[in-house]
Amino acid sequence: MAGFEQSTLNGLMMGSLYGLIALGLSLVFGVMKIINFAHGALLMVGMFTAYWLWVFTNLNPYLLILLSVPILFFFGYYVQHFLVNPLLRKERGKKAHSVILMTSGLVLVLENLALFAFGPNYRMARTVVSGTTFKLGEIMVSQPRFYAALISIVAIIGLHLFLTRTDMGKAIRATGQDREAARLMGIDDFKIYKIAFGIGMACLGVAGNLLFPFYYVQPAVGPFFEIRSFVIVVLGGIGSLGGSLVGGLIIGLIESVGAQFVSAVWTELIIMILFIAMLLVKPSGLLGRQRE
Amino acid sequence: MKKRASMIVVLSALGILAVLAFPLVFDDPYLIQVAIMVMLFGYLSSAWNIIGGMGGQLALGHAAFVGLGAYTSTLLYLNFHVSPWIGMFAGGLVAAALSVIVGYPTFKLRGPYFVMATVAVGEAIRIIFQNTQKMFGMEIRGARGLLIPLAAARDRLWAFQFTEKSGYYYTILGFLVVILLVARWIERSKLGYQLAAVRDDEDGAEALGVDTTRAKLTAAALSGFFAALGGTFYAQFLSFIDPMGIMGAQLSNELALIAIIGGEGTVWGPVLGALILVPVSEITRTYLGSTFLGVHLVAYGAILMLVIMYMPQGMIRPLRTLLRKFTAPAASPARIGVGTEDGPARRSQA
């Protein structure tokens with residue numbers, strides 16, 4: 001029985017982190033109505049940033065969040081400025097195919113630059129928290145996973161407060177709801193896009209710091225989390241922060257509890273089928289509002 | 001105008017002659033290999049283009065069809081000694097059936113939702129193949145893949161195998177000619193106009209009485225069918241198939257990217273895209289791949305981003321303008337840019 005509780009807790013912890021990672025995608029998707037196919041590769045950038053910051057400073061990985069968040073924010077801000085905004089300007093009102101392709105091109109460049117610069121090796125960081133555990137009753141809890149879950153939830157709540165309570169947050173949501181109306185209210189929509197993409201990247205910066213103490217860092221680490229994020233975003237509802245968390249928890253539970261009964265590859269298939277079913281039956285997601 | 005027409009005839013004749021004589025003139029197996037890959041990707045990308053480009057449905061799971069074709073013909077050959085020349089049509093029918101079954105529900109989705117659904121279906125099929133050892137009582141060996149053994153010399157042609165690389169060269173050339181004729185036929189048929197309407201404004205097309213679902217399903221079936229035939233060729237050419245290589249997301253993306261860089265929705269776009277991208281990737285892989293890991297894909301990605309940024313309609317548009325200038329220097333400038341593909345492009349850039 002302890003095995004079941006153990007895997008449930010593991011699923012919930014990993015699920016919260018998935019939720020945070022998916023949040024970045026959901027925000028960009030919700031505000032700009034584009035899919036960012038580079039989300040996984042950008043998480044890889046976040047992980048390498050966190051990893052190298054740690055290698056050079058040897059500080060506590062969680063303290064380094066303060067450094068990697070601004071770095072990643074500006075990275076995202078300028079990706080939007082140089083690569084995505086020009087495309088959005090060109091194809092006002094048209095289908096946003098070219099953004100999908102632009103981000104696929106960005107994946108090739110980022111992943112292979114990382115491969116070129118850092119090589120294909122799997123890097124495991126031995127931080128102060130890596131490999132440490134504590135006991136919660138009968139269950140052994142991995143410390144880095146526990147902190148990752150905790151900080152993820154704090155970050156999600158923090159972002160929720162930012163989006164609902166501050167003027168900037170309200171401007172971002174307004175742009176997502178009705179861009180034309182937002183522009184009429186004096187909101188600079190392209191500037192909002194840059195900030196939204198920056199915030200999405202900042203989430204990945206936090207996630208990178210949370211991940212590397214217990215997860216390998218490698219140039220091709222992205223696609224796994226990217227597919228996860230797509231599933232979670234659709235499951236929870238595009239643009240919904242709570243939805244991302246709920247979706248993340250569901251996926252985390254399926255993969256860890258499911259692995260108790262069937263092999264890991266078949267849980268992948270279960271997740272894919274759930275994804276397809278969700279797209280077909282209720283594409284607005286569990287917590288998403290029906291639009292259009 | 002007469003002068004221009006004769007110019008085009010001369011140019012085309014020279015082009016056809018060059019393509020036919022290529023393996024005879026260049027004895028280098030590496031060059032022929034690159035040429036075969038160019039035509040194979042041109043072919044596969046043209047198959048994608050039927051639904052992806054002409055119909056504007058950004059499907060990113062086409063490797064599943066390529067893989068199904070490859071697996072069907074290979075399994076029929078290995079287990080029942082059916083010639084892959086026949087088996088490939090079985091594979092084509094399987095893929096066409098699957099694309100209709102998958103297409104029926106997913107075509108109701110729009111934009112990003114459709115794209116994600118195609119990615120998910122493609123991935124699901126790959127996961128199934130990668131983790132199944134036996135399917136319908138036949139060995140498929142999961143992730144380890146299947147090897148196609150060399151046939152005895154007298155059975156080789158029947159087994160879709162060639163001793164010389166040039167055999168594969170002329171075969172894929174034939175495939176390519178067929179798909180280009182099909183694409184040209186679709187473009188000028190009722191289906192082609194319906195697809196163009198769907199691509200430009202789906203709601204508008206529906207309001208005008210176009211049966212958009214039917215048009216999309218027909219295009220998807222054709223697209224899946226031809227992609228599967230290419231899968232059989234791919235399998236025979238490599239004499240090895242595995243789910244990651246022939247059904248992976250990377251192949252799916254590549255097929256779409258080649259068509260889009262060349263010029264999606266046009267007959268020649270995918271061929272042009274393959275002509276540009278395949279040699280870039282082959283040559284950089286050969287010369288840089290071993291010393292500088294990943295550099296060739298950085299170049300590939302960078303080219304892709306530049307084309308999308310500055311030539312969103314693909315490279316065929318500037319090339320066409322150039323060709324017109326070359327073949328008809330006296331033509332009035334007003335003629336340039338007036339065409340079925342050029343019209344909407346102009347507007348969107350304004």
# chains A, B, ... in the order shown; residues from 1 in each chain; ligands from 1
>>> closest_atom_pairs(of="chain B", to="chain A", cutoff="7 Å", atoms="only C-alpha atoms", output="JSON lines")
{"residue": "B:Pro105", "atom": "CA", "partner": "A:Leu280", "partner_atom": "CA", "distance": 6.8}
{"residue": "B:Thr106", "atom": "CA", "partner": "A:Leu280", "partner_atom": "CA", "distance": 6.9}
{"residue": "B:Pro112", "atom": "CA", "partner": "A:Ile35", "partner_atom": "CA", "distance": 6.4}
{"residue": "B:Tyr113", "atom": "CA", "partner": "A:Leu279", "partner_atom": "CA", "distance": 6.9}
{"residue": "B:Ala117", "atom": "CA", "partner": "A:Ile276", "partner_atom": "CA", "distance": 6.0}
{"residue": "B:Ala120", "atom": "CA", "partner": "A:Met272", "partner_atom": "CA", "distance": 6.1}
{"residue": "B:Ala124", "atom": "CA", "partner": "A:Leu269", "partner_atom": "CA", "distance": 6.0}
{"residue": "B:Ile127", "atom": "CA", "partner": "A:Leu269", "partner_atom": "CA", "distance": 6.7}
{"residue": "B:Phe292", "atom": "CA", "partner": "A:Phe116", "partner_atom": "CA", "distance": 6.4}
{"residue": "B:Leu293", "atom": "CA", "partner": "A:Phe116", "partner_atom": "CA", "distance": 5.2}
{"residue": "B:Gly294", "atom": "CA", "partner": "A:Asn112", "partner_atom": "CA", "distance": 4.7}
{"residue": "B:Val295", "atom": "CA", "partner": "A:Asn112", "partner_atom": "CA", "distance": 6.5}
{"residue": "B:Leu297", "atom": "CA", "partner": "A:Leu108", "partner_atom": "CA", "distance": 6.1}
{"residue": "B:Val298", "atom": "CA", "partner": "A:Val109", "partner_atom": "CA", "distance": 4.4}
{"residue": "B:Gly301", "atom": "CA", "partner": "A:Gly105", "partner_atom": "CA", "distance": 4.4}
{"residue": "B:Ala302", "atom": "CA", "partner": "A:Val109", "partner_atom": "CA", "distance": 6.5}
{"residue": "B:Leu304", "atom": "CA", "partner": "A:Gly105", "partner_atom": "CA", "distance": 5.7}
{"residue": "B:Met305", "atom": "CA", "partner": "A:Met102", "partner_atom": "CA", "distance": 5.5}
{"residue": "B:Ile308", "atom": "CA", "partner": "A:Ser98", "partner_atom": "CA", "distance": 6.5}
{"residue": "B:Met309", "atom": "CA", "partner": "A:Leu87", "partner_atom": "CA", "distance": 6.7}
{"residue": "B:Ser348", "atom": "CA", "partner": "A:Glu91", "partner_atom": "CA", "distance": 6.2}
{"residue": "B:Gln349", "atom": "CA", "partner": "A:Lys90", "partner_atom": "CA", "distance": 5.9}
>>> atom_distance(atom1="atom CA of Leu23 of chain A", atom2="atom CA of Pro70 of chain A")
17.4 Å
>>> select_by_dssp(residues="segment 211-290 of chain B", states="helix (DSSP H, G or I)", output="VMD selection string")
chain B and resid 212 to 238 243 to 247 249 to 262 269 to 288
>>> residues_around(residues="Gln33 of chain B", least_positions_apart="2", cutoff="12 Å", atoms="only C-alpha atoms", output="JSON, numbers by chain")
{"B": [22, 23, 26, 27, 28, 29, 30, 31, 35, 36, 37, 38, 39, 40, 164, 165, 166, 167, 168, 169, 170, 172, 237, 238, 278, 279, 282, 283]}
>>> select_by_dssp(residues="segment 89-253 of chain A", states="strand (DSSP E)", output="JSON, numbers by chain")
{"A": [133, 134, 135, 136, 139, 140, 141, 142]}
>>> write_last_selection(atoms="N, CA and C atoms", output="PDB file, in the first residue's frame")
ATOM      1  N   THR A 133      16.605  12.957   0.877  1.00  0.00           N
ATOM      2  CA  THR A 133      15.207  12.582   1.092  1.00  0.00           C
ATOM      3  C   THR A 133      14.818  12.879   2.536  1.00  0.00           C
ATOM      4  N   PHE A 134      13.525  12.912   2.793  1.00  0.00           N
ATOM      5  CA  PHE A 134      13.058  12.917   4.185  1.00  0.00           C
ATOM      6  C   PHE A 134      11.856  12.003   4.281  1.00  0.00           C
ATOM      7  N   LYS A 135      11.536  11.620   5.493  1.00  0.00           N
ATOM      8  CA  LYS A 135      10.465  10.648   5.687  1.00  0.00           C
ATOM      9  C   LYS A 135       9.180  11.342   6.084  1.00  0.00           C
ATOM     10  N   LEU A 136       8.090  10.967   5.423  1.00  0.00           N
ATOM     11  CA  LEU A 136       6.783  11.504   5.776  1.00  0.00           C
ATOM     12  C   LEU A 136       5.931  10.278   6.114  1.00  0.00           C
ATOM     13  N   ILE A 139       6.365   7.144   3.937  1.00  0.00           N
ATOM     14  CA  ILE A 139       6.804   7.443   2.575  1.00  0.00           C
ATOM     15  C   ILE A 139       8.135   8.183   2.566  1.00  0.00           C
ATOM     16  N   MET A 140       8.988   7.789   1.666  1.00  0.00           N
ATOM     17  CA  MET A 140      10.232   8.516   1.448  1.00  0.00           C
ATOM     18  C   MET A 140       9.954   9.623   0.434  1.00  0.00           C
ATOM     19  N   VAL A 141      10.306  10.855   0.811  1.00  0.00           N
ATOM     20  CA  VAL A 141      10.053  11.960  -0.100  1.00  0.00           C
ATOM     21  C   VAL A 141      11.386  12.521  -0.582  1.00  0.00           C
ATOM     22  N   SER A 142      11.511  12.651  -1.900  1.00  0.00           N
ATOM     23  CA  SER A 142      12.723  13.237  -2.459  1.00  0.00           C
ATOM     24  C   SER A 142      12.684  14.746  -2.222  1.00  0.00           C
TER      25      SER A 142
END
>>> residues_around(residues="segment 47-59 of chain A", least_positions_apart="2", cutoff="7 Å", atoms="only C-alpha atoms", output="number ranges by chain")
A: 43-45, 61, 63-64, 68, 208-209, 212, 217
>>> write_last_selection(atoms="C-alpha atoms", output="PDB file, in the first residue's frame")
ATOM      1  CA  LEU A  43      12.887  24.911 -21.271  1.00  0.00           C
ATOM      2  CA  MET A  44      16.188  23.330 -22.278  1.00  0.00           C
ATOM      3  CA  VAL A  45      17.645  26.863 -22.455  1.00  0.00           C
ATOM      4  CA  PRO A  61      19.850  26.222  -6.845  1.00  0.00           C
ATOM      5  CA  LEU A  63      18.503  31.090  -4.714  1.00  0.00           C
ATOM      6  CA  LEU A  64      19.649  31.157  -8.340  1.00  0.00           C
ATOM      7  CA  SER A  68      17.796  33.069 -14.041  1.00  0.00           C
ATOM      8  CA  GLY A 208      14.867  24.981 -15.072  1.00  0.00           C
ATOM      9  CA  ASN A 209      16.180  25.751 -11.623  1.00  0.00           C
ATOM     10  CA  PHE A 212      18.233  20.357 -12.731  1.00  0.00           C
ATOM     11  CA  VAL A 217      20.418  18.330 -18.426  1.00  0.00           C
TER      12      VAL A 217
END
>>> closest_atom_pairs(of="segment 139-252 of chain B", to="segment 69-84 of chain B", cutoff="12 Å", atoms="only C-alpha atoms", output="CSV")
residue,atom,partner,partner_atom,distance
B:Glu139,CA,B:Leu75,CA,8.2
B:Ile140,CA,B:Leu75,CA,7.8
B:Arg141,CA,B:Leu75,CA,11.3
B:Gly142,CA,B:Tyr71,CA,11.5
B:Gly145,CA,B:Tyr71,CA,9.7
B:Leu146,CA,B:Thr74,CA,8.3
B:Leu147,CA,B:Thr74,CA,9.0
B:Ile148,CA,B:Thr74,CA,7.3
B:Pro149,CA,B:Leu78,CA,8.8
B:Leu150,CA,B:Leu78,CA,11.4
B:Ala151,CA,B:Tyr77,CA,10.9
B:Asp155,CA,B:Ser83,CA,9.7
B:Arg156,CA,B:Ser83,CA,10.0
B:Leu157,CA,B:Ser83,CA,9.2
B:Trp158,CA,B:Ser83,CA,5.9
B:Ala159,CA,B:Ser83,CA,5.4
B:Phe160,CA,B:Pro84,CA,6.0
B:Gln161,CA,B:Pro84,CA,9.4
B:Gly224,CA,B:Gly69,CA,9.0
B:Phe225,CA,B:Gly69,CA,8.2
B:Phe226,CA,B:Gly69,CA,9.0
B:Ala227,CA,B:Gly69,CA,7.5
B:Ala228,CA,B:Gly69,CA,3.9
B:Leu229,CA,B:Gly69,CA,5.9
B:Gly230,CA,B:Gly69,CA,7.5
B:Gly231,CA,B:Ala70,CA,4.5
B:Thr232,CA,B:Ala70,CA,4.3
B:Phe233,CA,B:Ala70,CA,7.5
B:Tyr234,CA,B:Ala70,CA,7.2
B:Ala235,CA,B:Ala70,CA,5.5
B:Gln236,CA,B:Ala70,CA,8.3
B:Phe237,CA,B:Ala70,CA,10.7
B:Leu238,CA,B:Ala70,CA,10.8
B:Ser239,CA,B:Thr74,CA,9.4
B:Phe240,CA,B:Thr74,CA,9.4
B:Ile241,CA,B:Ala70,CA,7.4
B:Asp242,CA,B:Tyr71,CA,9.0
B:Pro243,CA,B:Tyr71,CA,9.2
B:Gly245,CA,B:Ala70,CA,11.3
B:Ile246,CA,B:Ala70,CA,8.0
B:Met247,CA,B:Ala70,CA,9.6
>>> residues_around(residues="Val210 of chain B", least_positions_apart="6", cutoff="9 Å", atoms="only C-alpha atoms", output="number ranges by chain")
B: 194, 197-198, 204
>>> closest_residue(among="B:Gln313, B:Thr171, B:Ser99, B:Gln133", to="Ala259 of chain B", atoms="only C-alpha atoms")
B:Gln313
>>> atom_distance(atom1="atom CA of Tyr43 of chain B", atom2="atom CA of Leu180 of chain B")
8.2 Å
>>> residues_around(residues="Asp189 of chain A", least_positions_apart="4", cutoff="8 Å", atoms="only C-alpha atoms", output="list in words")
Thr175, Arg179, Ala182, Arg183 and Tyr193 of chain A
>>> closest_residue(among="A:Gly198, A:Pro144, A:Gly3, A:Gly158", to="Gln80 of chain A", atoms="only C-alpha atoms")
A:Gly198
>>> atom_distance(atom1="atom CA of Gly52 of chain B", atom2="atom CA of Ala90 of chain B")
23.1 Å
